[in-house]
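This is my_file22.cif. It holds mmCIF, C-alpha atoms.
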data_work
#
loop_
_atom_site.label_atom_id
_atom_site.label_comp_id
_atom_site.auth_asym_id
_atom_site.auth_seq_id
_atom_site.Cartn_x
_atom_site.Cartn_y
_atom_site.Cartn_z
CA MET A 1 -266.25 -90.31 295.48
CA LYS A 2 -263.75 -93.01 296.30
CA ASN A 3 -260.22 -92.49 294.98
CA PHE A 4 -260.99 -88.93 293.89
CA ASN A 5 -257.78 -86.91 293.68
CA LEU A 6 -258.04 -83.17 293.07
CA GLU A 7 -254.54 -82.81 291.60
CA LYS A 8 -255.19 -85.72 289.23
CA ALA A 9 -258.49 -84.11 288.20
CA GLY A 10 -256.59 -80.88 287.50
CA TRP A 11 -253.98 -82.76 285.49
CA LEU A 12 -256.70 -84.42 283.40
CA PHE A 13 -258.56 -81.11 283.02
CA MET A 14 -255.46 -79.42 281.54
CA ARG A 15 -255.25 -82.12 278.86
CA GLY A 16 -258.99 -82.28 278.13
CA SER A 17 -259.55 -78.51 278.11
CA GLY A 18 -256.31 -78.01 276.15
CA ALA A 19 -257.53 -80.24 273.33
CA VAL A 20 -260.92 -78.45 273.22
CA LEU A 21 -259.25 -75.01 273.43
CA ILE A 22 -257.17 -75.76 270.33
CA VAL A 23 -260.38 -76.19 268.31
CA LEU A 24 -262.11 -73.18 269.89
CA ILE A 25 -259.14 -70.76 269.67
CA PHE A 26 -258.11 -71.73 266.13
CA THR A 27 -261.74 -71.13 265.08
CA HIS A 28 -261.81 -67.82 267.04
CA LEU A 29 -258.58 -66.63 265.38
CA SER A 30 -259.69 -67.72 261.89
CA VAL A 31 -263.03 -65.90 262.13
CA ASN A 32 -261.61 -62.76 263.77
CA LEU A 33 -258.14 -62.35 262.19
CA LEU A 34 -258.19 -64.25 258.88
CA SER A 35 -261.62 -63.36 257.44
CA ASP A 36 -261.93 -60.26 255.22
CA GLY A 37 -260.37 -57.18 256.81
CA GLY A 38 -258.79 -59.18 259.65
CA VAL A 39 -258.16 -57.24 262.85
CA LYS A 40 -259.17 -53.99 261.13
CA ALA A 41 -262.72 -55.31 260.63
CA ILE A 42 -263.27 -55.84 264.37
CA ASP A 43 -265.62 -53.22 265.80
CA PHE A 44 -268.87 -53.08 267.77
CA ALA A 45 -270.98 -54.01 264.72
CA PHE A 46 -268.81 -57.12 264.12
CA VAL A 47 -268.88 -58.30 267.75
CA ALA A 48 -272.55 -57.48 268.37
CA GLY A 49 -273.45 -59.15 265.08
CA LYS A 50 -271.72 -62.35 266.21
CA LEU A 51 -273.14 -62.27 269.74
CA ALA A 52 -276.70 -61.87 268.43
CA ASN A 53 -276.36 -65.52 267.37
CA PRO A 54 -276.84 -68.16 270.13
CA PHE A 55 -274.15 -70.31 268.50
CA TRP A 56 -271.48 -67.63 269.03
CA GLN A 57 -272.85 -66.82 272.51
CA TRP A 58 -272.29 -70.40 273.67
CA PHE A 59 -269.04 -70.67 271.70
CA ASP A 60 -267.62 -67.54 273.35
CA VAL A 61 -268.84 -68.46 276.84
CA THR A 62 -267.33 -71.96 276.55
CA LEU A 63 -264.08 -70.38 275.34
CA LEU A 64 -264.16 -67.85 278.20
CA TRP A 65 -264.63 -70.47 280.93
CA LEU A 66 -262.18 -73.03 279.57
CA ALA A 67 -259.46 -70.50 278.72
CA LEU A 68 -259.64 -68.72 282.09
CA ILE A 69 -259.71 -71.92 284.16
CA HIS A 70 -256.94 -73.53 282.06
CA GLY A 71 -254.87 -70.33 282.28
CA ALA A 72 -255.46 -69.82 285.99
CA ASN A 73 -254.56 -73.42 286.79
CA GLY A 74 -251.34 -72.98 284.80
CA MET A 75 -250.56 -69.78 286.70
CA ARG A 76 -251.21 -71.66 289.98
CA THR A 77 -248.42 -74.05 289.01
CA VAL A 78 -246.11 -71.14 288.13
CA ILE A 79 -246.84 -69.34 291.43
CA ASN A 80 -246.27 -72.53 293.44
CA ASP A 81 -242.95 -73.06 291.63
CA TYR A 82 -241.44 -69.60 292.06
CA VAL A 83 -242.99 -67.83 295.05
CA LEU A 84 -241.17 -69.10 298.09
CA ARG A 85 -242.50 -66.74 300.77
CA GLU A 86 -245.54 -68.61 302.06
CA LYS A 87 -247.72 -65.56 302.85
CA PHE A 88 -247.01 -63.96 299.47
CA ARG A 89 -247.69 -67.27 297.67
CA LYS A 90 -251.04 -67.69 299.45
CA GLY A 91 -251.94 -64.06 298.71
CA LEU A 92 -251.20 -64.48 295.02
CA LEU A 93 -253.32 -67.64 294.88
CA VAL A 94 -256.24 -65.80 296.49
CA ALA A 95 -255.85 -62.93 294.00
CA LEU A 96 -255.68 -65.45 291.15
CA VAL A 97 -258.92 -67.20 292.19
CA ALA A 98 -260.69 -63.88 292.79
CA SER A 99 -259.66 -62.32 289.45
CA THR A 100 -260.56 -65.51 287.56
CA ALA A 101 -264.02 -65.73 289.17
CA LEU A 102 -264.63 -62.03 288.52
CA LEU A 103 -263.70 -62.25 284.82
CA ILE A 104 -265.76 -65.43 284.31
CA VAL A 105 -268.89 -63.89 285.88
CA MET A 106 -268.42 -60.54 284.12
CA GLY A 107 -267.67 -62.08 280.72
CA THR A 108 -270.64 -64.45 280.93
CA LEU A 109 -272.96 -61.56 281.82
CA VAL A 110 -271.59 -59.45 278.94
CA VAL A 111 -272.21 -62.24 276.40
CA PHE A 112 -275.77 -62.96 277.49
CA THR A 113 -276.95 -59.40 278.26
CA LEU A 114 -275.46 -57.50 275.31
CA ASP A 115 -277.98 -55.42 273.36
CA PRO A 116 -276.72 -55.47 269.76
CA CYS A 117 -278.87 -52.43 268.89
CA PRO A 118 -278.51 -49.99 271.83
CA VAL A 119 -280.99 -47.12 271.64
CA GLY A 120 -279.42 -43.78 270.75
CA SER A 121 -276.31 -45.13 269.03
CA PRO A 122 -275.59 -44.01 265.45
CA ALA A 123 -276.81 -46.62 262.96
CA GLU A 124 -273.41 -46.76 261.21
CA LEU A 125 -271.84 -48.16 264.39
CA LEU A 126 -274.43 -50.96 264.73
CA PRO A 127 -274.94 -54.32 263.00
CA SER A 128 -276.83 -54.03 259.70
CA PHE A 129 -279.85 -55.89 261.08
CA CYS A 130 -280.61 -53.17 263.65
CA PRO A 131 -283.81 -51.20 262.92
CA VAL A 132 -283.13 -47.67 261.64
CA ALA A 133 -284.25 -45.20 264.32
CA MET B 1 -214.90 -91.77 293.05
CA THR B 2 -212.35 -89.36 294.51
CA THR B 3 -213.44 -86.07 296.04
CA ALA B 4 -212.08 -84.17 293.04
CA GLN B 5 -214.05 -86.36 290.62
CA ALA B 6 -217.21 -85.97 292.68
CA SER B 7 -217.01 -82.18 292.69
CA ALA B 8 -216.27 -82.16 288.94
CA ALA B 9 -219.38 -84.28 288.35
CA LYS B 10 -221.39 -81.90 290.52
CA THR B 11 -220.38 -78.75 288.66
CA ARG B 12 -220.82 -80.25 285.17
CA ILE B 13 -224.42 -79.36 284.43
CA ALA B 14 -224.49 -80.44 280.77
CA GLY B 15 -224.64 -84.03 279.71
CA THR B 16 -227.77 -84.94 281.61
CA LEU B 17 -230.78 -86.53 279.91
CA TYR B 18 -232.86 -83.40 280.35
CA ARG B 19 -230.89 -80.21 280.84
CA GLY B 20 -230.22 -78.27 277.63
CA HIS B 21 -232.06 -80.80 275.49
CA GLU B 22 -235.37 -80.87 273.62
CA GLY B 23 -237.45 -81.76 276.67
CA MET B 24 -236.15 -78.77 278.62
CA TRP B 25 -236.76 -76.31 275.79
CA SER B 26 -240.24 -77.73 275.27
CA TRP B 27 -240.97 -77.08 278.97
CA VAL B 28 -239.38 -73.60 279.00
CA LEU B 29 -241.24 -72.46 275.89
CA HIS B 30 -244.54 -73.95 277.09
CA ARG B 31 -244.22 -72.01 280.36
CA ILE B 32 -243.19 -68.68 278.78
CA THR B 33 -245.89 -68.82 276.07
CA GLY B 34 -248.50 -69.89 278.63
CA ILE B 35 -247.75 -66.94 280.95
CA ALA B 36 -247.78 -64.48 278.01
CA ILE B 37 -251.10 -65.82 276.70
CA TYR B 38 -252.60 -65.66 280.20
CA PHE B 39 -251.85 -61.95 280.63
CA PHE B 40 -253.21 -61.18 277.17
CA LEU B 41 -256.36 -63.14 278.08
CA LEU B 42 -256.95 -60.94 281.15
CA VAL B 43 -256.71 -57.77 279.04
CA HIS B 44 -258.75 -59.29 276.20
CA VAL B 45 -261.72 -60.23 278.43
CA LEU B 46 -261.72 -56.69 279.85
CA ASP B 47 -261.47 -54.94 276.45
CA THR B 48 -264.24 -57.12 275.00
CA ALA B 49 -266.45 -56.35 278.02
CA LEU B 50 -266.47 -52.71 276.84
CA VAL B 51 -269.07 -53.71 274.18
CA ARG B 52 -271.51 -53.72 277.11
CA ILE B 53 -270.81 -50.03 277.84
CA SER B 54 -271.03 -48.31 274.45
CA PRO B 55 -270.23 -48.88 270.76
CA GLU B 56 -268.19 -45.65 270.67
CA LEU B 57 -266.00 -46.67 273.64
CA TYR B 58 -265.42 -50.20 272.31
CA ASN B 59 -264.49 -48.91 268.84
CA ALA B 60 -262.10 -46.33 270.32
CA VAL B 61 -260.26 -48.97 272.35
CA MET B 62 -260.23 -51.43 269.43
CA ALA B 63 -258.58 -48.76 267.27
CA SER B 64 -255.44 -49.21 269.40
CA TYR B 65 -255.33 -52.89 268.36
CA LYS B 66 -255.12 -51.86 264.70
CA THR B 67 -251.84 -49.92 264.92
CA PRO B 68 -248.61 -51.33 263.38
CA VAL B 69 -247.00 -51.97 266.79
CA MET B 70 -250.03 -53.84 268.11
CA GLY B 71 -250.28 -55.68 264.77
CA LEU B 72 -246.79 -57.07 265.38
CA GLY B 73 -247.83 -57.86 268.95
CA GLU B 74 -250.78 -59.87 267.59
CA LEU B 75 -248.36 -61.79 265.37
CA GLY B 76 -246.29 -62.63 268.46
CA LEU B 77 -249.43 -63.60 270.37
CA VAL B 78 -250.57 -65.97 267.63
CA ALA B 79 -247.04 -67.41 267.42
CA ALA B 80 -247.17 -68.10 271.19
CA ILE B 81 -250.67 -69.62 270.98
CA VAL B 82 -249.78 -71.90 268.04
CA PHE B 83 -246.63 -73.17 269.80
CA HIS B 84 -248.51 -73.74 273.08
CA ALA B 85 -251.25 -75.60 271.16
CA TYR B 86 -248.96 -77.95 269.22
CA ASN B 87 -246.58 -78.52 272.15
CA GLY B 88 -249.65 -79.21 274.31
CA LEU B 89 -250.65 -81.98 271.89
CA ARG B 90 -247.10 -83.35 272.25
CA ILE B 91 -247.49 -83.34 276.05
CA ILE B 92 -250.83 -85.18 275.77
CA LEU B 93 -249.24 -87.83 273.53
CA VAL B 94 -246.26 -88.24 275.88
CA ASP B 95 -248.58 -88.61 278.89
CA LEU B 96 -251.30 -90.78 277.46
CA THR B 97 -249.63 -93.12 274.95
CA GLY B 98 -247.12 -95.90 275.46
CA TRP B 99 -244.88 -94.73 272.61
CA GLY B 100 -244.98 -90.98 273.33
CA THR B 101 -242.02 -90.81 275.71
CA ARG B 102 -239.83 -92.79 273.30
CA HIS B 103 -240.50 -90.28 270.53
CA GLN B 104 -240.69 -87.06 272.56
CA LYS B 105 -237.57 -85.55 270.94
CA ALA B 106 -238.78 -86.24 267.39
CA MET B 107 -242.19 -84.86 268.32
CA PHE B 108 -240.60 -81.61 269.53
CA TYR B 109 -239.17 -81.09 266.02
CA VAL B 110 -242.56 -81.96 264.52
CA VAL B 111 -244.06 -79.26 266.78
CA LEU B 112 -241.49 -76.71 265.53
CA ALA B 113 -242.13 -77.68 261.89
CA MET B 114 -245.93 -77.47 262.25
CA TRP B 115 -245.54 -74.15 264.06
CA ALA B 116 -243.40 -72.76 261.21
CA ILE B 117 -245.86 -73.95 258.54
CA THR B 118 -248.85 -72.47 260.41
CA MET B 119 -247.09 -69.14 260.92
CA LEU B 120 -246.07 -69.00 257.23
CA GLY B 121 -249.78 -69.29 256.43
CA PHE B 122 -250.95 -66.79 259.05
CA ALA B 123 -248.30 -64.06 258.98
CA PRO B 124 -248.63 -62.79 255.36
CA ARG B 125 -252.41 -62.42 255.59
CA HIS B 126 -252.34 -60.78 259.02
CA LEU B 127 -249.52 -58.40 258.05
CA ALA B 128 -251.39 -57.49 254.86
CA HIS B 129 -254.42 -56.58 257.02
CA VAL B 130 -252.29 -54.51 259.41
CA PHE B 131 -250.01 -52.76 256.91
CA GLY B 132 -252.18 -52.90 253.76
CA ALA B 133 -254.06 -49.92 252.42
#
As structure tokens - that is how I would like this structure written.
Amino acid sequence: MKNFNLEKAGWLFMRGSGAVLIVLIFTHLSVNLLSDGGVKAIDFAFVAGKLANPFWQWFDVTLLWLALIHGANGMRTVINDYVLREKFRKGLLVALVASTALLIVMGTLVVFTLDPCPVGSPAELLPSFCPVA
Amino acid sequence: MTTAQASAAKTRIAGTLYRGHEGMWSWVLHRITGIAIYFFLLVHVLDTALVRISPELYNAVMASYKTPVMGLGELGLVAAIVFHAYNGLRIILVDLTGWGTRHQKAMFYVVLAMWAITMLGFAPRHLAHVFGA
């Protein structure tokens, strides 16, 4: 592409993803911390119940990707600002890219491969829609 | 300018357009909250991934998020997220509109006011969940 500038693309991405993340994270916090019971209601049954729904699967995966890339790109700026020893700076950037890629792949796999009704688990720990063994 | 005047001007760090003013504090707080949120995000993706291992393990780890100390930590986390969100909108307006730079100081106080209002709504309900019966 003519006139493509990676740093400008990153700058635009921070603003675009930031605006989307506000909607996603405020929704995430409302559903998980403000609904009945708040943080005390979060357990396997709550999470598995949500992730059995394709809407929350795609919601959480979008949130995962955008938050990690937005956060990692911010940390790249911080590392470039403060780490003056060139080898150490490069090493941190490699670790940053590796950890971000690992968490994105792992998180995406968790969302799409979670069995909400694992065999052998006590029914009281599972979502209410699971068949009683 | 005499040499004495020049060195006096050099050592006087206040009185610039930026240093010690709204724009600097906006940048400092955006950076600190961003770094804090990033490290929570790393832990949060890992703790949520435990749903893929077993309901018992996930519930045991989540129990640590429901203690009074962690409840206060969650309040601080949400405070950081809400500031980063509203100040991010301010940055977008400064960058992408013609009038944003002219009103950047006023917008910083709007950010602080919106942050305070949001936290006054969030904190009582969250603290009731954490410390309530």
Mind running chain A against chain B at 10 Å and telling me each contacting residue's nearest atom pair with the distance in Å (one decimal), counting all atoms listed in the file, chain and number ascending, as a tab-separated table?
residue	atom	partner	partner_atom	distance
A:Leu12	CA	B:Ile92	CA	9.7
A:Met14	CA	B:Gly88	CA	9.3
A:Arg15	CA	B:Ile92	CA	6.2
A:Gly16	CA	B:Ile92	CA	9.0
A:Gly18	CA	B:Gly88	CA	7.0
A:Ala19	CA	B:Leu89	CA	7.2
A:Leu21	CA	B:Ala85	CA	8.3
A:Ile22	CA	B:Ala85	CA	6.0
A:Val23	CA	B:Ala85	CA	9.6
A:Ile25	CA	B:Ile81	CA	8.6
A:Phe26	CA	B:Val82	CA	8.5
A:Leu29	CA	B:Val78	CA	8.3
A:Ser30	CA	B:Phe122	CA	9.2
A:Leu33	CA	B:His126	CA	6.8
A:Leu34	CA	B:His126	CA	6.8
A:Ser35	CA	B:Arg125	CA	9.4
A:Asp36	CA	B:His129	CA	8.6
A:Gly37	CA	B:His129	CA	6.0
A:Gly38	CA	B:His129	CA	5.7
A:Val39	CA	B:Lys66	CA	6.5
A:Lys40	CA	B:Lys66	CA	5.8
A:Ala41	CA	B:His129	CA	9.1
A:Ile42	CA	B:Met62	CA	7.4
A:Asp43	CA	B:Asn59	CA	5.4
A:Phe44	CA	B:Pro55	CA	5.3
A:Ala45	CA	B:Pro55	CA	8.0
A:Val47	CA	B:Val51	CA	7.9
A:Ala48	CA	B:Val51	CA	7.8
A:Leu64	CA	B:Val45	CA	8.0
A:Ala67	CA	B:Leu41	CA	8.0
A:Leu68	CA	B:Leu41	CA	7.6
A:His70	CA	B:Tyr38	CA	9.2
A:Gly71	CA	B:Tyr38	CA	5.6
A:Ala72	CA	B:Tyr38	CA	7.7
A:Gly74	CA	B:Gly34	CA	7.5
A:Met75	CA	B:Ile35	CA	7.0
A:Thr77	CA	B:Arg31	CA	9.8
A:Val78	CA	B:Arg31	CA	8.0
A:Ser99	CA	B:Leu42	CA	8.8
A:Thr100	CA	B:Leu42	CA	8.7
A:Leu103	CA	B:Val45	CA	7.0
A:Ile104	CA	B:Val45	CA	8.8
A:Met106	CA	B:Ala49	CA	7.7
A:Gly107	CA	B:Ala49	CA	6.5
A:Thr108	CA	B:Ala49	CA	9.6
A:Leu109	CA	B:Ala49	CA	9.2
A:Val110	CA	B:Arg52	CA	6.0
A:Val111	CA	B:Ala49	CA	8.4
A:Thr113	CA	B:Arg52	CA	7.9
A:Leu114	CA	B:Arg52	CA	5.8
A:Asp115	CA	B:Arg52	CA	7.7
A:Pro116	CA	B:Val51	CA	9.0
A:Cys117	CA	B:Pro55	CA	9.5
A:Pro118	CA	B:Ser54	CA	8.1
A:Ser121	CA	B:Pro55	CA	7.3
A:Pro122	CA	B:Pro55	CA	9.0
A:Leu125	CA	B:Pro55	CA	6.6
A:Leu126	CA	B:Pro55	CA	7.6
> atom CA of A:Val105 and atom CA of A:Thr27 are how many Å apart?
Replying inline: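 Answer for the atom CA of A:Val105 to atom CA of A:Thr27 separation: 23.2 Å.
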> Just how far from atom CA of A:Arg76 is atom CA of A:Phe88, in Å to one decimal?
Replying inline: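 Atom-to-atom, atom CA of A:Phe88 and atom CA of A:Arg76 are spaced 12.9 Å apart.
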> Selected by the PyMOL selection byres ((chain A and resi 56-61) around 8) in the shown coordinates: which residues, as a list in words?
Replying inline: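 Matching residues under the PyMOL selection byres ((chain A and resi 56-61) around 8) are Leu24, Lys50, Leu51, Ala52, Asn53, Pro54, Phe55, Thr62, Leu63, Leu64, Trp65, Gly107, Thr108, Val111 and Phe112 of chain A.
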> B:Ala36, B:Gln104, B:His21, B:Leu72: which is nearest B:Phe131, counting only C-alpha atoms?
Replying inline: B:Leu72
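Taking all atoms listed in the file into account, B:Phe83 lies nearest to B:Leu29 out of the set B:Leu120, B:Leu29, B:Val43, B:Val69.
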